[in-house]
file upload35.cif (mmCIF, C-alpha atoms)
data_query
loop_
_atom_site.group_PDB
_atom_site.id
_atom_site.type_symbol
_atom_site.label_atom_id
_atom_site.label_comp_id
_atom_site.auth_asym_id
_atom_site.auth_seq_id
_atom_site.Cartn_x
_atom_site.Cartn_y
_atom_site.Cartn_z
ATOM 1 C CA MET D 543 136.148 119.597 110.732
ATOM 2 C CA ALA D 544 133.037 119.208 112.864
ATOM 3 C CA ILE D 545 132.951 120.825 116.249
ATOM 4 C CA PRO D 546 131.520 119.220 119.392
ATOM 5 C CA LEU D 547 128.430 121.437 119.337
ATOM 6 C CA GLU D 548 127.468 120.051 115.911
ATOM 7 C CA TYR D 549 127.616 116.502 117.282
ATOM 8 C CA TRP D 550 125.503 117.412 120.314
ATOM 9 C CA THR D 551 122.985 119.319 118.225
ATOM 10 C CA THR D 552 122.603 116.500 115.721
ATOM 11 C CA GLY D 553 122.367 113.980 118.562
ATOM 12 C CA SER D 554 119.607 116.029 120.160
ATOM 13 C CA TYR D 555 117.526 115.721 116.961
ATOM 14 C CA PHE D 556 117.530 111.938 117.295
ATOM 15 C CA LEU D 557 116.831 112.127 121.029
ATOM 16 C CA ASN D 558 113.961 114.592 120.432
ATOM 17 C CA LEU D 559 112.304 112.047 118.175
ATOM 18 C CA VAL D 560 112.686 109.357 120.832
ATOM 19 C CA GLU D 561 111.228 111.643 123.498
ATOM 20 C CA VAL D 562 108.147 112.562 121.474
ATOM 21 C CA ALA D 563 107.488 109.135 119.968
ATOM 22 C CA CYS D 564 107.869 107.372 123.317
ATOM 23 C CA GLY D 565 105.408 109.860 124.788
ATOM 24 C CA GLU D 566 102.876 108.978 122.096
ATOM 25 C CA LEU D 567 103.476 105.250 122.542
ATOM 26 C CA VAL D 568 102.989 105.510 126.303
ATOM 27 C CA GLN D 569 99.916 107.707 125.998
ATOM 28 C CA ARG D 570 98.302 105.071 123.761
ATOM 29 C CA GLU D 571 99.427 102.269 126.097
ATOM 30 C CA ASN D 572 101.379 100.564 123.308
ATOM 31 C CA ALA D 573 98.304 99.240 121.506
ATOM 32 C CA TYR D 574 99.190 96.677 118.878
ATOM 33 C CA PHE D 575 95.907 95.086 117.903
ATOM 34 C CA VAL D 576 92.498 96.364 116.938
ATOM 35 C CA VAL D 577 89.160 94.645 117.288
ATOM 36 C CA SER D 578 86.849 95.533 114.438
ATOM 37 C CA SER D 579 84.001 93.842 112.659
ATOM 38 C CA ASN D 580 81.694 94.526 109.755
ATOM 39 C CA LEU D 581 84.417 96.454 107.955
ATOM 40 C CA ASP D 582 85.848 95.730 104.544
ATOM 41 C CA GLU D 583 89.511 94.686 104.319
ATOM 42 C CA ALA D 584 90.793 98.084 103.179
ATOM 43 C CA THR D 585 88.998 99.896 105.993
ATOM 44 C CA ARG D 586 90.298 97.364 108.536
ATOM 45 C CA MET D 587 93.874 97.948 107.335
ATOM 46 C CA VAL D 588 93.525 101.734 107.556
ATOM 47 C CA ASN D 589 91.914 101.411 110.986
ATOM 48 C CA PHE D 590 94.694 99.076 112.180
ATOM 49 C CA ARG D 591 97.419 101.404 110.930
ATOM 50 C CA GLU D 592 95.828 104.417 112.582
ATOM 51 C CA GLN D 593 95.345 102.662 115.925
ATOM 52 C CA THR D 594 98.832 101.110 116.069
ATOM 53 C CA LYS D 595 101.024 103.798 114.508
ATOM 54 C CA TRP D 596 102.445 104.695 117.933
ATOM 55 C CA SER D 597 103.129 101.151 119.141
ATOM 56 C CA ASP D 598 106.320 99.150 119.440
ATOM 57 C CA VAL D 599 105.186 96.935 116.568
ATOM 58 C CA SER D 600 105.334 99.989 114.296
ATOM 59 C CA ILE D 601 108.114 102.146 115.760
ATOM 60 C CA GLY D 602 110.033 100.202 118.431
ATOM 61 C CA VAL D 603 113.064 99.261 116.344
ATOM 62 C CA PRO D 604 113.479 102.717 114.743
ATOM 63 C CA LEU D 605 113.069 104.344 118.163
ATOM 64 C CA LEU D 606 115.940 102.305 119.518
ATOM 65 C CA PHE D 607 118.074 103.086 116.468
ATOM 66 C CA ASN D 608 117.475 106.801 116.999
ATOM 67 C CA PHE D 609 118.177 106.542 120.734
ATOM 68 C CA PHE D 610 121.460 104.700 120.227
ATOM 69 C CA HIS D 611 122.464 107.069 117.437
ATOM 70 C CA GLY D 612 121.768 110.004 119.767
ATOM 71 C CA ILE D 613 123.988 108.360 122.384
ATOM 72 C CA GLU D 614 126.740 107.875 119.818
ATOM 73 C CA LEU D 615 126.697 111.523 118.768
ATOM 74 C CA VAL D 616 126.654 112.833 122.339
ATOM 75 C CA LEU D 617 129.628 110.643 123.223
ATOM 76 C CA LYS D 618 131.547 111.586 120.075
ATOM 77 C CA GLY D 619 130.961 115.287 120.739
ATOM 78 C CA PHE D 620 132.294 115.138 124.280
ATOM 79 C CA ASN D 621 135.183 112.914 123.297
ATOM 80 C CA LEU D 622 136.054 115.385 120.541
ATOM 81 C CA VAL D 623 136.391 118.147 123.158
ATOM 82 C CA LYS D 624 139.270 116.122 124.608
ATOM 83 C CA GLY D 625 140.800 115.468 121.181
ATOM 84 C CA ASP D 626 139.490 111.931 120.819
ATOM 85 C CA LYS D 627 137.936 111.478 117.362
ATOM 86 C CA ALA D 628 136.422 108.094 116.551
ATOM 87 C CA ASN D 629 135.132 106.816 113.226
ATOM 88 C CA HIS D 630 133.172 103.803 114.464
ATOM 89 C CA HIS D 631 129.866 102.989 116.166
ATOM 90 C CA ARG D 632 131.069 100.862 119.115
ATOM 91 C CA LEU D 633 129.324 102.477 122.030
ATOM 92 C CA THR D 634 131.213 100.613 124.739
ATOM 93 C CA GLU D 635 134.508 101.970 123.408
ATOM 94 C CA LEU D 636 133.115 105.488 123.008
ATOM 95 C CA ALA D 637 131.675 105.302 126.522
ATOM 96 C CA ALA D 638 134.986 104.065 127.968
ATOM 97 C CA VAL D 639 136.814 107.057 126.472
ATOM 98 C CA PHE D 640 134.052 109.353 127.721
ATOM 99 C CA GLU D 641 134.250 107.849 131.232
ATOM 100 C CA LYS D 642 138.037 108.348 131.264
ATOM 101 C CA ASN D 643 137.553 112.009 130.340
ATOM 102 C CA TYR D 644 134.431 112.680 132.446
ATOM 103 C CA PRO D 645 134.409 110.164 135.298
ATOM 104 C CA CYS D 646 131.177 109.513 137.231
ATOM 105 C CA SER D 647 129.059 111.869 135.124
ATOM 106 C CA GLU D 648 125.279 111.673 134.905
ATOM 107 C CA ILE D 649 125.606 111.181 131.152
ATOM 108 C CA GLY D 650 127.737 108.103 131.739
ATOM 109 C CA LYS D 651 125.172 106.676 134.178
ATOM 110 C CA ILE D 652 122.297 107.200 131.744
ATOM 111 C CA ILE D 653 124.186 105.631 128.854
ATOM 112 C CA ASN D 654 125.487 102.709 130.887
ATOM 113 C CA ALA D 655 121.898 101.703 131.674
ATOM 114 C CA TYR D 656 121.489 100.896 127.964
ATOM 115 C CA ILE D 657 124.909 99.642 126.933
ATOM 116 C CA GLY D 658 126.063 97.941 130.123
ATOM 117 C CA LYS D 659 124.599 94.820 131.648
ATOM 118 C CA LEU D 660 120.918 94.944 130.764
ATOM 119 C CA GLU D 661 118.058 93.428 132.681
ATOM 120 C CA GLU D 662 117.124 90.211 130.933
ATOM 121 C CA THR D 663 113.448 91.061 131.415
ATOM 122 C CA SER D 664 113.664 94.281 129.403
ATOM 123 C CA PRO D 665 112.793 94.131 125.696
ATOM 124 C CA LEU D 666 116.277 95.382 124.879
ATOM 125 C CA GLY D 667 117.983 92.799 127.090
ATOM 126 C CA GLN D 668 115.836 90.043 125.591
ATOM 127 C CA PHE D 669 116.616 91.226 122.062
ATOM 128 C CA PHE D 670 120.377 91.287 122.607
ATOM 129 C CA LYS D 671 120.327 87.889 124.320
ATOM 130 C CA ALA D 672 118.093 86.206 121.709
ATOM 131 C CA ASN D 673 120.334 87.411 118.906
ATOM 132 C CA GLY D 674 123.682 86.887 120.645
ATOM 133 C CA LEU D 675 124.414 90.609 120.380
ATOM 134 C CA SER D 676 125.714 93.430 122.525
ATOM 135 C CA ALA D 677 125.143 97.160 122.464
ATOM 136 C CA ASP D 678 128.096 97.467 120.091
ATOM 137 C CA ASP D 679 126.028 95.680 117.436
ATOM 138 C CA TRP D 680 123.258 98.285 117.545
ATOM 139 C CA TYR D 681 124.185 100.041 114.295
ATOM 140 C CA GLU D 682 123.623 96.946 112.223
ATOM 141 C CA ALA D 683 120.981 95.199 114.345
ATOM 142 C CA PHE D 684 118.509 98.113 114.380
ATOM 143 C CA LYS D 685 119.025 98.987 110.704
ATOM 144 C CA TYR D 686 118.903 95.657 108.929
ATOM 145 C CA PRO D 687 117.123 92.299 109.129
ATOM 146 C CA GLU D 688 120.465 90.497 108.972
ATOM 147 C CA SER D 689 124.160 91.010 109.674
ATOM 148 C CA ARG D 690 126.795 91.572 107.010
ATOM 149 C CA LYS D 691 127.676 87.923 107.475
ATOM 150 C CA GLY D 692 124.084 86.871 106.700
ATOM 151 C CA LYS D 693 122.941 86.079 110.256
ATOM 152 C CA SER D 694 119.258 86.990 110.613
ATOM 153 C CA PHE D 695 118.145 89.254 113.434
ATOM 154 C CA THR D 696 114.846 88.585 115.129
ATOM 155 C CA HIS D 697 113.250 91.787 116.377
ATOM 156 C CA ILE D 698 110.262 90.062 117.996
ATOM 157 C CA ASP D 699 111.403 90.955 121.537
ATOM 158 C CA LEU D 700 111.157 94.633 120.602
ATOM 159 C CA LYS D 701 107.582 94.271 119.302
ATOM 160 C CA TYR D 702 104.161 93.267 120.600
ATOM 161 C CA GLY D 703 104.953 94.286 124.171
ATOM 162 C CA SER D 704 101.532 95.823 124.757
ATOM 163 C CA THR D 705 100.973 97.264 128.228
ATOM 164 C CA ARG D 706 103.664 95.098 129.836
ATOM 165 C CA THR D 707 106.433 97.133 128.107
ATOM 166 C CA VAL D 708 104.925 100.606 128.471
ATOM 167 C CA GLU D 709 107.259 101.322 131.406
ATOM 168 C CA PHE D 710 110.311 100.394 129.290
ATOM 169 C CA TRP D 711 109.286 102.875 126.561
ATOM 170 C CA LYS D 712 108.413 105.527 129.137
ATOM 171 C CA THR D 713 111.847 105.168 130.709
ATOM 172 C CA LEU D 714 113.509 105.292 127.276
ATOM 173 C CA GLY D 715 111.766 108.597 126.497
ATOM 174 C CA GLU D 716 112.709 109.992 129.899
ATOM 175 C CA SER D 717 116.304 108.895 129.378
ATOM 176 C CA ALA D 718 116.402 110.787 126.075
ATOM 177 C CA VAL D 719 115.297 113.943 127.901
ATOM 178 C CA LYS D 720 117.782 113.449 130.742
ATOM 179 C CA LEU D 721 120.586 112.807 128.285
ATOM 180 C CA LYS D 722 119.887 116.082 126.478
ATOM 181 C CA VAL D 723 119.667 118.049 129.736
ATOM 182 C CA GLU D 724 122.870 116.554 131.124
ATOM 183 C CA ALA D 725 124.689 117.142 127.833
ATOM 184 C CA ILE D 726 123.759 120.825 127.996
ATOM 185 C CA LYS D 727 124.937 121.062 131.610
ATOM 186 C CA LEU D 728 128.247 119.388 130.867
ATOM 187 C CA SER D 729 128.857 121.394 127.684
ATOM 188 C CA ARG D 730 128.213 124.636 129.577
ATOM 189 C CA SER D 731 130.614 123.594 132.320
ATOM 190 C CA LEU D 732 133.234 123.175 129.578
ATOM 191 C CA ASN D 733 132.335 126.534 128.006
ATOM 192 C CA HIS D 734 131.041 124.805 124.861
ATOM 193 C CA GLU D 735 127.574 126.132 124.116
#
call {"tool": "encode", "arguments": {"input": "upload35.cif", "output": "structure tokens"}}
result
Amino acid sequence: MAIPLEYWTTGSYFLNLVEVACGELVQRENAYFVVSSNLDEATRMVNFREQTKWSDVSIGVPLLFNFFHGIELVLKGFNLVKGDKANHHRLTELAAVFEKNYPCSEIGKIINAYIGKLEETSPLGQFFKANGLSADDWYEAFKYPESRKGKSFTHIDLKYGSTRTVEFWKTLGESAVKLKVEAIKLSRSLNHE
């Protein structure tokens, strides 16, 4: 049987990726197009790939999958400390159990910013609204182009944000860091290191 520390450690791997990749995306100001001329097609494609590899068009959806998976593992680890083992991916339910066990925690505040009522102007809020989804649908919506029932997902709101969404990605990376730090603090307060 897994112990809470294994959940937190595995969750931190996913959050580390989000932290680093968001940093790269922000540093490059979320570039998603390249102006080039007098180049052959193959060189243009290589140039485009190199210039946009750290943009939301290339990594936005996987970044969000990794962030939400990190959240899931952090929540499951803390819930396991209290004897609550869940075998699902519904973050609102995991967060409700977590909040019952650890009311008003910083971890809960960080997570709620992404699974609670989202700003409709954020790429994530736009994505959920456009697809008729909630945070509980993350596991399927960030992994596949369609639901198990055959409903297509459009990921366009998570791509092509350019400089207007740099702040969103910066905040996501910062939230990954804060979540890891707060998880360490809480686990230490519970004598689980």
call {"tool": "residues_near_point", "arguments": {"input": "upload35.cif", "point": "(129.3, 118.5, 129.6)", "cutoff": "10 Å", "atoms": "only C-alpha atoms", "output": "mmCIF file with C-alpha atoms, in the frame of the given file"}}
result
data_model
loop_
_atom_site.group_PDB
_atom_site.id
_atom_site.type_symbol
_atom_site.label_atom_id
_atom_site.label_comp_id
_atom_site.auth_asym_id
_atom_site.auth_seq_id
_atom_site.Cartn_x
_atom_site.Cartn_y
_atom_site.Cartn_z
ATOM 1 C CA VAL D 616 126.654 112.833 122.339
ATOM 2 C CA GLY D 619 130.961 115.287 120.739
ATOM 3 C CA PHE D 620 132.294 115.138 124.280
ATOM 4 C CA VAL D 623 136.391 118.147 123.158
ATOM 5 C CA TYR D 644 134.431 112.680 132.446
ATOM 6 C CA SER D 647 129.059 111.869 135.124
ATOM 7 C CA GLU D 648 125.279 111.673 134.905
ATOM 8 C CA ILE D 649 125.606 111.181 131.152
ATOM 9 C CA VAL D 723 119.667 118.049 129.736
ATOM 10 C CA GLU D 724 122.870 116.554 131.124
ATOM 11 C CA ALA D 725 124.689 117.142 127.833
ATOM 12 C CA ILE D 726 123.759 120.825 127.996
ATOM 13 C CA LYS D 727 124.937 121.062 131.610
ATOM 14 C CA LEU D 728 128.247 119.388 130.867
ATOM 15 C CA SER D 729 128.857 121.394 127.684
ATOM 16 C CA ARG D 730 128.213 124.636 129.577
ATOM 17 C CA SER D 731 130.614 123.594 132.320
ATOM 18 C CA LEU D 732 133.234 123.175 129.578
ATOM 19 C CA ASN D 733 132.335 126.534 128.006
ATOM 20 C CA HIS D 734 131.041 124.805 124.861
ATOM 21 C CA GLU D 735 127.574 126.132 124.116
#
call {"tool": "resolve_selection", "arguments": {"input": "upload35.cif", "expression": "the PyMOL selection byres ((chain D and resi 618) around 12)", "output": "ChimeraX atom specification"}}
result
/D:544-553,611-617,619-640,643,725
call {"tool": "atom_distance", "arguments": {"input": "upload35.cif", "atom1": "CA of Leu559 (chain D)", "atom2": "CA of Gly674 (chain D)"}}
result
27.7 Å
call {"tool": "atom_distance", "arguments": {"input": "upload35.cif", "atom1": "CA of Gly715 (chain D)", "atom2": "CA of Asp679 (chain D)"}}
result
21.3 Å
call {"tool": "residues_around", "arguments": {"input": "upload35.cif", "residues": "Asp699 (chain D)", "least_positions_apart": "3", "cutoff": "10 Å", "atoms": "all atoms listed in the file", "output": "number ranges by chain"}}
result
D: 598-599, 602-603, 664-673, 696, 702-703
call {"tool": "write_last_selection", "arguments": {"input": "upload35.cif", "atoms": "C-alpha atoms", "output": "PDB file, keeping the file's coordinate frame"}}
result
ATOM      1  CA  ASP D 598     106.320  99.150 119.440  1.00  0.00           C
ATOM      2  CA  VAL D 599     105.186  96.935 116.568  1.00  0.00           C
ATOM      3  CA  GLY D 602     110.033 100.202 118.431  1.00  0.00           C
ATOM      4  CA  VAL D 603     113.064  99.261 116.344  1.00  0.00           C
ATOM      5  CA  SER D 664     113.664  94.281 129.403  1.00  0.00           C
ATOM      6  CA  PRO D 665     112.793  94.131 125.696  1.00  0.00           C
ATOM      7  CA  LEU D 666     116.277  95.382 124.879  1.00  0.00           C
ATOM      8  CA  GLY D 667     117.983  92.799 127.090  1.00  0.00           C
ATOM      9  CA  GLN D 668     115.836  90.043 125.591  1.00  0.00           C
ATOM     10  CA  PHE D 669     116.616  91.226 122.062  1.00  0.00           C
ATOM     11  CA  PHE D 670     120.377  91.287 122.607  1.00  0.00           C
ATOM     12  CA  LYS D 671     120.327  87.889 124.320  1.00  0.00           C
ATOM     13  CA  ALA D 672     118.093  86.206 121.709  1.00  0.00           C
ATOM     14  CA  ASN D 673     120.334  87.411 118.906  1.00  0.00           C
ATOM     15  CA  THR D 696     114.846  88.585 115.129  1.00  0.00           C
ATOM     16  CA  TYR D 702     104.161  93.267 120.600  1.00  0.00           C
ATOM     17  CA  GLY D 703     104.953  94.286 124.171  1.00  0.00           C
TER      18      GLY D 703
END
call {"tool": "closest_residue", "arguments": {"input": "upload35.cif", "among": "D:Gln569, D:Glu682, D:Thr705, D:Phe610", "to": "Asn654 (chain D)", "atoms": "all atoms listed in the file"}}
result
D:Phe610
call {"tool": "closest_residue", "arguments": {"input": "upload35.cif", "among": "D:Phe556, D:Tyr574, D:Phe590, D:Phe684", "to": "Phe607 (chain D)", "atoms": "all atoms listed in the file"}}
result
D:Phe684
call {"tool": "atom_distance", "arguments": {"input": "upload35.cif", "atom1": "CA of Ala683 (chain D)", "atom2": "CA of Cys646 (chain D)"}}
result
28.9 Å
call {"tool": "closest_residue", "arguments": {"input": "upload35.cif", "among": "D:Leu714, D:Leu605, D:Leu660, D:Val708", "to": "Arg570 (chain D)", "atoms": "only C-alpha atoms"}}
result
D:Val708
call {"tool": "closest_residue", "arguments": {"input": "upload35.cif", "among": "D:Lys659, D:Pro687, D:Ser704, D:Asn608", "to": "Tyr555 (chain D)", "atoms": "only C-alpha atoms"}}
result
D:Asn608
call {"tool": "closest_residue", "arguments": {"input": "upload35.cif", "among": "D:Phe609, D:Tyr681, D:Trp596, D:Tyr686", "to": "Glu716 (chain D)", "atoms": "all atoms listed in the file"}}
result
D:Phe609
